[in-house]
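target.csv follows; it contains CSV, C-alpha atoms.
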```
chain,number,residue,atom,x,y,z
J,1,MET,CA,0.0,0.0,0.0
J,2,THR,CA,2.7,2.4,0.9
J,3,LYS,CA,4.7,1.6,-2.3
J,4,ASP,CA,2.2,3.3,-4.5
J,5,PHE,CA,1.9,6.7,-2.9
J,6,SER,CA,5.0,7.4,-0.9
J,7,ALA,CA,7.8,6.0,-2.9
J,8,SER,CA,10.5,7.4,-0.6
J,9,ALA,CA,9.4,5.8,2.7
J,10,THR,CA,11.4,2.8,3.5
J,11,THR,CA,11.2,2.2,7.3
J,12,SER,CA,8.2,2.6,9.5
J,13,THR,CA,9.7,5.5,11.4
J,14,GLU,CA,10.4,7.3,8.1
J,15,TYR,CA,6.8,6.7,7.0
J,16,ILE,CA,5.4,8.2,10.2
J,17,VAL,CA,7.8,11.1,10.3
J,18,ASN,CA,7.0,11.7,6.6
J,19,HIS,CA,3.3,11.9,7.3
J,20,LEU,CA,3.8,14.1,10.4
J,21,THR,CA,5.7,16.8,8.5
J,22,HIS,CA,3.8,19.9,7.4
J,23,TRP,CA,4.1,21.6,4.1
J,24,THR,CA,5.9,24.7,5.2
J,25,VAL,CA,6.2,27.9,3.1
J,26,SER,CA,8.6,30.6,4.2
J,27,ILE,CA,7.6,34.2,3.7
J,28,GLY,CA,10.6,35.8,5.4
J,29,ASP,CA,13.7,35.0,7.2
J,30,GLY,CA,13.7,32.9,10.4
J,31,ALA,CA,11.5,30.3,12.0
J,32,PHE,CA,8.7,32.7,12.9
J,33,TRP,CA,7.8,33.4,9.2
J,34,LYS,CA,7.3,29.8,8.3
J,35,LEU,CA,3.6,29.1,7.4
J,36,HIS,CA,2.0,25.7,7.4
J,37,ALA,CA,0.4,26.1,4.0
J,38,ASP,CA,-1.6,22.8,4.2
J,39,SER,CA,-3.3,23.8,7.4
J,40,LEU,CA,-4.1,27.3,6.1
J,41,ILE,CA,-5.5,26.0,2.8
J,42,VAL,CA,-7.6,23.3,4.4
J,43,SER,CA,-9.0,25.5,7.2
J,44,ILE,CA,-9.8,28.5,5.1
J,45,GLY,CA,-11.2,26.3,2.4
J,46,LEU,CA,-13.5,24.4,4.7
J,47,GLY,CA,-14.6,27.6,6.4
J,48,VAL,CA,-15.5,29.2,3.1
J,49,ILE,CA,-17.4,26.1,2.0
J,50,ALA,CA,-19.4,25.8,5.3
J,51,MET,CA,-20.3,29.5,5.5
J,52,THR,CA,-21.2,29.7,1.8
J,53,LEU,CA,-23.5,26.8,2.3
J,54,PHE,CA,-25.2,28.4,5.3
J,55,TRP,CA,-25.5,31.7,3.4
J,56,LEU,CA,-27.1,30.1,0.4
J,57,VAL,CA,-29.6,28.3,2.6
J,58,ALA,CA,-30.4,31.5,4.5
J,59,ARG,CA,-31.0,33.4,1.3
J,60,THR,CA,-33.5,30.9,-0.1
J,61,ALA,CA,-35.2,30.0,3.2
J,62,THR,CA,-38.9,29.5,3.0
J,63,THR,CA,-41.4,29.7,5.9
J,64,GLY,CA,-43.5,27.0,4.2
J,65,VAL,CA,-42.5,23.4,4.1
J,66,PRO,CA,-38.7,23.4,4.1
J,67,GLY,CA,-36.5,21.4,1.8
J,68,LYS,CA,-34.0,18.8,3.3
J,69,LEU,CA,-31.0,21.1,3.3
J,70,GLN,CA,-32.9,23.9,5.0
J,71,ALA,CA,-34.4,21.4,7.6
J,72,PHE,CA,-30.8,20.2,8.3
J,73,VAL,CA,-29.5,23.7,8.9
J,74,GLU,CA,-32.5,24.5,11.1
J,75,ILE,CA,-31.9,21.4,13.2
J,76,LEU,CA,-28.3,22.5,13.7
J,77,VAL,CA,-29.2,26.1,14.5
J,78,GLU,CA,-31.8,25.0,17.0
J,79,PHE,CA,-29.4,22.6,18.7
J,80,VAL,CA,-26.7,25.2,19.1
J,81,ASP,CA,-29.3,27.8,20.3
J,82,GLN,CA,-30.6,25.4,22.9
J,83,GLN,CA,-27.1,24.7,24.2
J,84,VAL,CA,-26.2,28.4,24.3
J,85,ARG,CA,-29.5,29.2,26.1
J,86,ASP,CA,-28.8,26.7,28.8
J,87,VAL,CA,-25.5,28.3,29.7
J,88,TYR,CA,-25.6,32.0,28.8
J,89,GLN,CA,-28.4,34.1,30.0
J,90,GLY,CA,-27.5,37.3,28.2
J,91,ASP,CA,-28.0,38.7,24.7
J,92,ARG,CA,-27.5,35.7,22.4
J,93,ARG,CA,-27.6,37.5,19.1
J,94,PHE,CA,-23.8,37.4,18.7
J,95,ILE,CA,-22.9,34.4,20.9
J,96,ALA,CA,-25.2,31.9,19.2
J,97,PRO,CA,-23.9,32.5,15.7
J,98,LEU,CA,-20.4,32.5,17.0
J,99,ALA,CA,-21.0,29.1,18.7
J,100,LEU,CA,-22.5,27.8,15.5
J,101,THR,CA,-19.5,28.9,13.4
J,102,ILE,CA,-17.1,27.4,15.9
J,103,PHE,CA,-19.0,24.1,16.1
J,104,VAL,CA,-19.4,23.6,12.3
J,105,TRP,CA,-15.9,24.8,11.4
J,106,VAL,CA,-14.1,22.7,14.0
J,107,LEU,CA,-16.3,19.7,13.2
J,108,LEU,CA,-15.5,19.9,9.5
J,109,MET,CA,-11.8,20.3,10.1
J,110,ASN,CA,-11.8,17.4,12.5
J,111,CYS,CA,-13.7,15.2,10.0
J,112,MET,CA,-10.7,15.4,7.7
J,113,ASP,CA,-9.1,12.9,10.0
J,114,LEU,CA,-11.5,10.2,8.7
J,115,LEU,CA,-10.1,10.4,5.2
J,116,PRO,CA,-7.4,7.8,4.2
J,117,ILE,CA,-3.9,8.9,5.1
J,118,ASP,CA,-2.3,8.5,1.7
J,119,GLY,CA,-5.5,9.3,-0.1
J,120,THR,CA,-5.3,13.0,-0.2
J,121,LYS,CA,-1.8,13.1,-1.6
J,122,ALA,CA,-2.9,10.7,-4.3
J,123,VAL,CA,-5.9,12.8,-5.2
J,124,LEU,CA,-3.7,15.9,-5.3
J,125,LYS,CA,-1.2,14.1,-7.5
J,126,GLY,CA,-4.0,13.0,-9.8
J,127,LEU,CA,-5.2,16.6,-10.0
J,128,GLY,CA,-1.6,17.7,-10.9
J,129,PHE,CA,-0.3,19.2,-7.7
J,130,GLU,CA,2.6,17.1,-6.5
J,131,VAL,CA,3.5,18.0,-2.9
J,132,GLU,CA,5.9,16.2,-0.7
J,133,HIS,CA,4.1,16.7,2.6
J,134,PHE,CA,0.4,17.5,3.0
J,135,ARG,CA,-1.3,17.1,6.4
J,136,VAL,CA,-5.0,17.4,5.7
J,137,VAL,CA,-6.2,17.5,9.3
J,138,ALA,CA,-6.0,21.2,10.1
J,139,THR,CA,-6.8,20.9,13.8
J,140,ALA,CA,-3.9,18.4,14.3
J,141,ASP,CA,-1.7,21.5,13.9
J,142,LEU,CA,-1.0,23.3,17.1
J,143,ASN,CA,-1.0,26.6,15.3
J,144,THR,CA,-4.6,26.2,14.1
J,145,THR,CA,-6.0,25.2,17.5
J,146,PHE,CA,-4.1,28.0,19.4
J,147,ALA,CA,-5.3,30.5,16.8
J,148,LEU,CA,-8.8,29.5,17.5
J,149,SER,CA,-8.5,29.5,21.3
J,150,PHE,CA,-6.5,32.8,21.5
J,151,SER,CA,-9.2,34.4,19.3
J,152,VAL,CA,-11.7,33.1,21.9
J,153,LEU,CA,-9.5,34.8,24.6
J,154,ILE,CA,-9.7,38.1,22.7
J,155,LEU,CA,-13.4,37.8,22.5
J,156,VAL,CA,-13.6,37.0,26.2
J,157,PHE,CA,-11.7,40.2,26.9
J,158,ALA,CA,-13.9,42.2,24.5
J,159,PHE,CA,-17.1,40.9,26.1
J,160,ALA,CA,-15.8,41.5,29.6
J,161,ILE,CA,-14.8,45.1,28.8
J,162,LYS,CA,-18.2,45.7,27.1
J,163,ALA,CA,-20.1,44.3,30.1
J,164,LYS,CA,-18.0,45.9,32.9
J,165,GLY,CA,-16.4,48.9,31.4
J,166,LEU,CA,-12.6,49.3,30.9
J,167,GLY,CA,-12.0,50.9,34.3
J,168,HIS,CA,-14.0,48.4,36.3
J,169,PHE,CA,-12.4,45.5,34.4
J,170,THR,CA,-8.8,46.6,35.1
J,171,ALA,CA,-9.7,47.3,38.8
J,172,GLU,CA,-11.2,43.9,39.1
J,173,LEU,CA,-7.9,42.4,37.8
J,174,PHE,CA,-6.2,43.7,40.9
J,175,THR,CA,-8.9,43.4,43.5
J,176,ALA,CA,-10.6,40.0,42.9
J,177,PRO,CA,-10.8,37.4,44.4
J,178,PHE,CA,-9.1,38.6,47.6
J,179,HIS,CA,-11.1,41.7,48.7
J,180,SER,CA,-10.1,44.0,51.5
J,181,GLU,CA,-11.2,47.3,52.9
J,182,SER,CA,-8.0,49.0,54.0
J,183,THR,CA,-5.7,50.6,51.4
J,184,PRO,CA,-2.4,49.0,52.7
J,185,MET,CA,-3.9,45.5,52.5
J,186,LYS,CA,-5.2,46.3,49.0
J,187,VAL,CA,-1.6,47.1,47.8
J,188,VAL,CA,-0.3,43.9,49.4
J,189,LEU,CA,-3.0,41.7,47.9
J,190,ALA,CA,-2.8,43.3,44.4
J,191,PRO,CA,0.1,41.3,43.0
J,192,ALA,CA,-1.5,38.0,44.3
J,193,ASN,CA,-4.8,38.9,42.7
J,194,PHE,CA,-3.2,39.9,39.4
J,195,ALA,CA,-1.2,36.6,39.3
J,196,LEU,CA,-4.3,34.6,40.0
J,197,ASN,CA,-6.3,36.4,37.3
J,198,PHE,CA,-3.5,36.1,34.8
J,199,ILE,CA,-3.2,32.4,35.4
J,200,GLU,CA,-7.0,32.0,35.2
J,201,TYR,CA,-7.3,34.0,31.9
J,202,PHE,CA,-4.2,32.5,30.3
J,203,SER,CA,-4.9,28.8,31.2
J,204,LYS,CA,-8.2,28.8,29.4
J,205,PRO,CA,-7.0,29.2,25.8
J,206,VAL,CA,-4.0,27.0,26.4
J,207,SER,CA,-6.1,24.1,27.7
J,208,LEU,CA,-8.7,24.7,25.0
J,209,GLY,CA,-6.2,24.6,22.2
J,210,MET,CA,-4.1,21.7,23.6
J,211,ARG,CA,-7.2,19.6,24.3
J,212,LEU,CA,-8.3,19.8,20.6
J,213,PHE,CA,-4.8,19.4,19.3
J,214,GLY,CA,-4.0,16.4,21.5
J,215,ASN,CA,-7.2,14.5,20.5
J,216,MET,CA,-6.7,15.0,16.8
J,217,TYR,CA,-2.9,14.4,16.8
J,218,ALA,CA,-3.3,11.2,18.8
J,219,GLY,CA,-6.1,10.0,16.5
J,220,GLU,CA,-4.1,10.7,13.4
J,221,LEU,CA,-1.0,8.9,14.9
J,222,VAL,CA,-3.1,5.8,15.7
J,223,PHE,CA,-4.4,5.8,12.1
J,224,MET,CA,-0.8,5.9,10.9
J,225,LEU,CA,0.2,3.0,13.2
J,226,ILE,CA,-2.8,1.0,11.9
J,227,ALA,CA,-1.7,1.7,8.3
J,228,LEU,CA,1.8,0.4,9.2
J,229,LEU,CA,0.1,-2.8,10.4
J,230,GLY,CA,-1.5,-3.1,6.9
J,231,ALA,CA,1.8,-2.3,5.2
J,232,THR,CA,3.1,-5.7,6.3
J,233,TRP,CA,1.5,-7.2,3.2
J,234,ALA,CA,4.0,-9.3,1.4
J,235,GLY,CA,2.0,-11.8,-0.7
J,236,PHE,CA,-0.6,-14.3,0.4
J,237,THR,CA,1.2,-15.6,3.4
J,238,LEU,CA,-0.4,-16.2,6.8
J,239,GLY,CA,1.5,-13.5,8.7
J,240,SER,CA,1.0,-10.7,6.3
J,241,GLY,CA,-2.6,-11.9,5.6
J,242,MET,CA,-3.4,-11.6,9.3
J,243,GLY,CA,-1.7,-8.3,9.4
J,244,PHE,CA,-3.8,-7.0,6.5
J,245,LEU,CA,-7.0,-8.4,8.1
J,246,GLY,CA,-6.1,-7.0,11.4
J,247,HIS,CA,-5.5,-3.6,9.9
J,248,ILE,CA,-8.9,-3.5,8.3
J,249,ILE,CA,-10.7,-4.5,11.5
J,250,ALA,CA,-8.6,-2.2,13.7
J,251,GLY,CA,-8.9,0.7,11.3
J,252,SER,CA,-12.7,0.3,11.1
J,253,ALA,CA,-13.1,0.1,14.9
J,254,TRP,CA,-10.8,3.1,15.5
J,255,ALA,CA,-12.6,5.1,12.8
J,256,ILE,CA,-16.0,4.5,14.3
J,257,PHE,CA,-14.7,5.5,17.7
J,258,HIS,CA,-13.0,8.5,16.2
J,259,ILE,CA,-16.3,9.7,14.8
J,260,LEU,CA,-17.5,10.1,18.4
J,261,ILE,CA,-14.3,11.9,19.4
J,262,VAL,CA,-14.5,14.3,16.5
J,263,THR,CA,-18.0,15.4,17.2
J,264,LEU,CA,-17.4,15.5,21.0
J,265,GLN,CA,-14.4,17.7,20.7
J,266,ALA,CA,-16.1,20.2,18.4
J,267,PHE,CA,-19.1,20.3,20.8
J,268,LEU,CA,-16.8,20.7,23.7
J,269,PHE,CA,-14.9,23.6,22.1
J,270,MET,CA,-18.2,25.3,21.4
J,271,MET,CA,-19.6,24.8,24.9
J,272,LEU,CA,-16.4,26.0,26.6
J,273,THR,CA,-16.3,29.1,24.4
J,274,VAL,CA,-19.8,30.0,25.5
J,275,VAL,CA,-19.1,29.2,29.1
J,276,TYR,CA,-15.9,31.3,29.2
J,277,ILE,CA,-17.6,34.3,27.5
J,278,GLY,CA,-20.5,33.9,29.9
J,279,SER,CA,-18.3,33.7,33.0
J,280,ALA,CA,-16.3,36.8,31.9
J,281,THR,CA,-19.4,39.0,31.7
J,282,GLU,CA,-20.7,38.4,35.2
J,283,SER,CA,-19.1,40.4,37.9
J,284,HIS,CA,-17.7,39.0,41.1
E,1,MET,CA,28.1,7.8,21.2
E,2,ASN,CA,25.9,4.7,20.6
E,3,GLU,CA,25.7,4.2,24.4
E,4,LEU,CA,24.5,7.8,24.8
E,5,ILE,CA,21.8,7.4,22.1
E,6,ALA,CA,20.7,4.1,23.6
E,7,SER,CA,20.4,5.5,27.1
E,8,ILE,CA,18.4,8.5,25.9
E,9,GLN,CA,16.1,6.2,23.9
E,10,GLY,CA,15.7,3.8,26.8
E,11,LEU,CA,14.8,6.6,29.2
E,12,THR,CA,12.4,8.2,26.7
E,13,ALA,CA,10.7,4.8,26.3
E,14,ILE,CA,10.2,4.5,30.1
E,15,ALA,CA,8.9,8.1,30.2
E,16,ILE,CA,6.4,7.5,27.4
E,17,GLY,CA,5.1,4.4,29.3
E,18,LEU,CA,4.7,6.4,32.5
E,19,ILE,CA,3.0,9.3,30.9
E,20,ILE,CA,0.4,7.2,29.1
E,21,GLY,CA,-0.1,4.7,32.0
E,22,LEU,CA,-0.5,7.3,34.8
E,23,GLY,CA,-2.7,9.5,32.6
E,24,ALA,CA,-5.0,6.6,31.8
E,25,PHE,CA,-5.1,5.6,35.5
E,26,GLY,CA,-6.4,9.0,36.5
E,27,ALA,CA,-8.7,9.5,33.5
E,28,CYS,CA,-10.4,6.1,34.0
E,29,ILE,CA,-11.0,6.5,37.7
E,30,GLY,CA,-12.5,10.0,37.0
E,31,MET,CA,-14.8,8.6,34.3
E,32,GLY,CA,-15.8,5.7,36.6
E,33,ILE,CA,-16.8,8.1,39.4
E,34,MET,CA,-18.7,10.4,37.0
E,35,GLY,CA,-20.5,7.5,35.3
E,36,ALA,CA,-21.5,6.1,38.7
E,37,LYS,CA,-23.0,9.4,39.7
E,38,PHE,CA,-24.8,9.7,36.4
E,39,LEU,CA,-26.4,6.3,36.6
E,40,GLU,CA,-27.4,6.9,40.2
E,41,SER,CA,-29.1,10.2,39.3
E,42,ALA,CA,-30.6,8.7,36.2
E,43,ALA,CA,-32.2,6.1,38.4
E,44,ARG,CA,-33.5,8.7,40.8
E,45,GLN,CA,-35.0,11.0,38.1
E,46,PRO,CA,-35.4,9.3,34.7
E,47,GLU,CA,-37.1,12.4,33.2
E,48,LEU,CA,-33.8,14.3,33.4
E,49,VAL,CA,-31.8,11.7,31.5
E,50,PRO,CA,-31.5,13.6,28.1
E,51,MET,CA,-30.2,16.7,29.8
E,52,LEU,CA,-27.9,14.8,32.1
E,53,SER,CA,-26.4,12.7,29.3
E,54,GLY,CA,-25.6,15.8,27.3
E,55,ARG,CA,-23.7,17.2,30.4
E,56,MET,CA,-22.1,13.8,30.9
E,57,PHE,CA,-20.5,13.9,27.4
E,58,LEU,CA,-19.3,17.4,28.1
E,59,LEU,CA,-17.6,16.2,31.3
E,60,ALA,CA,-16.2,13.2,29.5
E,61,GLY,CA,-14.4,15.4,27.1
E,62,LEU,CA,-13.0,17.6,29.9
E,63,ILE,CA,-11.9,14.6,32.0
E,64,ASP,CA,-10.1,13.0,29.0
E,65,ALA,CA,-8.4,16.3,28.1
E,66,ALA,CA,-5.3,16.0,30.3
E,67,PHE,CA,-4.8,12.3,29.5
E,68,ILE,CA,-5.0,12.9,25.8
E,69,ILE,CA,-2.7,15.9,25.9
E,70,GLY,CA,-0.3,13.5,27.7
E,71,VAL,CA,-0.7,10.9,25.0
E,72,ALA,CA,-0.1,13.4,22.3
E,73,MET,CA,3.1,14.6,24.0
E,74,ALA,CA,4.3,11.0,24.6
E,75,LEU,CA,3.7,10.1,21.0
E,76,PHE,CA,5.5,13.2,19.9
E,77,PHE,CA,8.5,12.0,22.0
E,78,GLY,CA,8.1,8.6,20.5
E,79,VAL,CA,8.4,9.6,16.9
E,80,ALA,CA,10.4,12.8,16.8
E,81,ASN,CA,12.4,12.9,20.0
E,82,PRO,CA,13.8,16.4,20.5
E,83,LEU,CA,16.2,15.1,23.2
E,84,LEU,CA,17.8,12.8,20.6
E,85,GLY,CA,17.8,15.6,18.1
E,86,ALA,CA,19.8,17.8,20.4
E,87,LEU,CA,22.3,15.0,20.9
E,88,ILE,CA,22.7,14.4,17.2
E,89,GLN,CA,23.6,18.0,16.6
```
Target format structure tokens, applied to this file:
Amino acid sequence: MTKDFSASATTSTEYIVNHLTHWTVSIGDGAFWKLHADSLIVSIGLGVIAMTLFWLVARTATTGVPGKLQAFVEILVEFVDQQVRDVYQGDRRFIAPLALTIFVWVLLMNCMDLLPIDGTKAVLKGLGFEVEHFRVVATADLNTTFALSFSVLILVFAFAIKAKGLGHFTAELFTAPFHSESTPMKVVLAPANFALNFIEYFSKPVSLGMRLFGNMYAGELVFMLIALLGATWAGFTLGSGMGFLGHIIAGSAWAIFHILIVTLQAFLFMMLTVVYIGSATESH
Amino acid sequence: MNELIASIQGLTAIAIGLIIGLGAFGACIGMGIMGAKFLESAARQPELVPMLSGRMFLLAGLIDAAFIIGVAMALFFGVANPLLGALIQ
């Protein structure tokens, strides 16, 4: 199986390392200006496809009997709205579409993990673009997940400042959660308060991004290990035949389990976004 | 030189096993406790089961988070060991 699509891979370590390397494009000097072109292309492309689909459905929406596509989008919108309403009791007009965007986009990017490992490179080669490395799961790239979660952090700050005002927000950074009445105690407690608030605000995007990255990276790596089990095919012998059969069974079982993980992680990212924004707008 | 590479690889293998094993230990105990509480409350109030099972999946994702981050880190050390890379240079 590996002989057709990755002609340079000889050992199993090389196969795995080859499939874990990104297609990097440098737009300047140094390591900071290296872009992962495959993650960018896949994530932007999927986002454009999903949002265009929603926009088309919204443009041709009827209040009569809906078609199947409109019914599907309505089910999705109502599901997300119900979840947001359970958690966030404020003005939902921005939060619910944000949650829907995050859910659908992360779900689509995660679903790329269910495609065959060597399949996308073969399809691209058939279309004429020969690339050496192409990692198609955009959320298995730490840059993508951290970009999403730090954007959520910026939104948390924006909503907190909008709800509390800039002055009250910065005052709360230094006076919560340890309150005191006398001024000397306030000065003493201010660094401790600031440190706690900094850790609280900073740990949220880090854990959010790393959770999504860890799930998708581990899933992809297990798929690669299962593919290596199938690569032991060496003619119709018992050993390689059992390896091939085992790889089909293990691959199917892991793919079915991974469907649950993919949906769960997208749902979790959406819910945590709404919870963080909600908890930032309430005062102590 | 070979002894240095072998010792780094051996210690990394032990570290990978410890990360995955201890993480799985904690995650499974946490899931067990949460699942027990869920079944108990589902038996008490069966009409709340849809809402509770939605919350249960949310908590399952949160409980597994640290373990799966550990697995991803351990697998990263397994395939592209930076400690070995520093030695090779």
**Request:** Extract, using only C-alpha atoms, all DNA, RNA and protein residues at most 12 Å from segment 32-43 of chain J, discarding same-chain residues fewer than 5 positions from it, and format them as a ChimeraX atom specification.
**Result:** /J:20-27,48-50,104-113,120-121,124,131-145,147-148
**Request:** Select all residues from chain E having any atom no more than 10 Å from an atom of chain J (counting all atoms listed in the file, ignoring ligands), output as an MDAnalysis selection string.
**Result:** chainID E and resid 54 57:62 64:76 78:80
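With atom CA of Gly10 of chain E on one side and atom CA of Gln89 of chain E on the other, the separation reads 19.2 Å.
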**Message:** Nearest residue to Asp86 of chain J out of E:Ile19, E:Ile63, E:Cys28, E:Met51, using all atoms listed in the file?
**Reply:** E:Met51
**Message:** Using all atoms listed in the file for the distances, tell me which of E:Gly32, E:Arg44, E:Gly26, E:Leu87 is nearest to Met1 of chain E.
**Reply:** E:Leu87
**Coordinates-based distance that separates atom CA of Phe159 of chain J from atom CA of Ile277 of chain J (Å, one decimal)** = 6.8 Å
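Distances from J:Met185, J:Ala160, J:Leu100, J:Ala227 to Pro116 of chain J were compared using all atoms listed in the file, and the smallest one belongs to J:Ala227.
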**Message:** What's the separation between atom CA of Ile226 of chain J and atom CA of Leu245 of chain J, in Å to one decimal place?
**Reply:** 11.0 Å
**Message:** So that I can check the surroundings of Leu225 of chain J, please list as a ChimeraX atom specification every protein, DNA and RNA residue that reaches within 9 Å of it, counting all atoms listed in the file and ignoring chain neighbours fewer than 5 positions away.
**Reply:** /J:12,16,220,230
Writing C-alpha atoms and nothing else, produce segment 25-75 of chain E as a compact mmCIF listing (two decimals), in the first residue's frame.
```
# COMPACT_ATOMS: atom_id res chain seq x y z
CA PHE E 25 -5.12 5.61 35.47
CA GLY E 26 -6.39 9.02 36.51
CA ALA E 27 -8.74 9.46 33.54
CA CYS E 28 -10.38 6.06 33.97
CA ILE E 29 -10.98 6.53 37.69
CA GLY E 30 -12.48 9.96 37.01
CA MET E 31 -14.76 8.59 34.29
CA GLY E 32 -15.82 5.75 36.57
CA ILE E 33 -16.82 8.08 39.39
CA MET E 34 -18.68 10.40 37.01
CA GLY E 35 -20.46 7.50 35.31
CA ALA E 36 -21.52 6.07 38.67
CA LYS E 37 -23.02 9.39 39.73
CA PHE E 38 -24.77 9.71 36.38
CA LEU E 39 -26.36 6.26 36.64
CA GLU E 40 -27.42 6.95 40.20
CA SER E 41 -29.10 10.24 39.32
CA ALA E 42 -30.65 8.72 36.17
CA ALA E 43 -32.23 6.06 38.38
CA ARG E 44 -33.55 8.69 40.75
CA GLN E 45 -35.01 11.02 38.11
CA PRO E 46 -35.41 9.30 34.73
CA GLU E 47 -37.07 12.35 33.19
CA LEU E 48 -33.79 14.29 33.38
CA VAL E 49 -31.78 11.68 31.47
CA PRO E 50 -31.50 13.61 28.12
CA MET E 51 -30.16 16.74 29.80
CA LEU E 52 -27.88 14.75 32.10
CA SER E 53 -26.40 12.66 29.32
CA GLY E 54 -25.58 15.82 27.34
CA ARG E 55 -23.75 17.19 30.38
CA MET E 56 -22.08 13.80 30.87
CA PHE E 57 -20.53 13.86 27.40
CA LEU E 58 -19.29 17.38 28.07
CA LEU E 59 -17.63 16.23 31.29
CA ALA E 60 -16.20 13.16 29.54
CA GLY E 61 -14.42 15.44 27.09
CA LEU E 62 -13.04 17.55 29.93
CA ILE E 63 -11.87 14.57 31.99
CA ASP E 64 -10.11 12.99 29.02
CA ALA E 65 -8.40 16.26 28.13
CA ALA E 66 -5.30 16.04 30.32
CA PHE E 67 -4.82 12.35 29.53
CA ILE E 68 -5.03 12.88 25.77
CA ILE E 69 -2.71 15.88 25.93
CA GLY E 70 -0.29 13.55 27.72
CA VAL E 71 -0.72 10.88 25.04
CA ALA E 72 -0.06 13.42 22.29
CA MET E 73 3.11 14.61 24.05
CA ALA E 74 4.26 11.04 24.64
CA LEU E 75 3.67 10.08 21.01
```
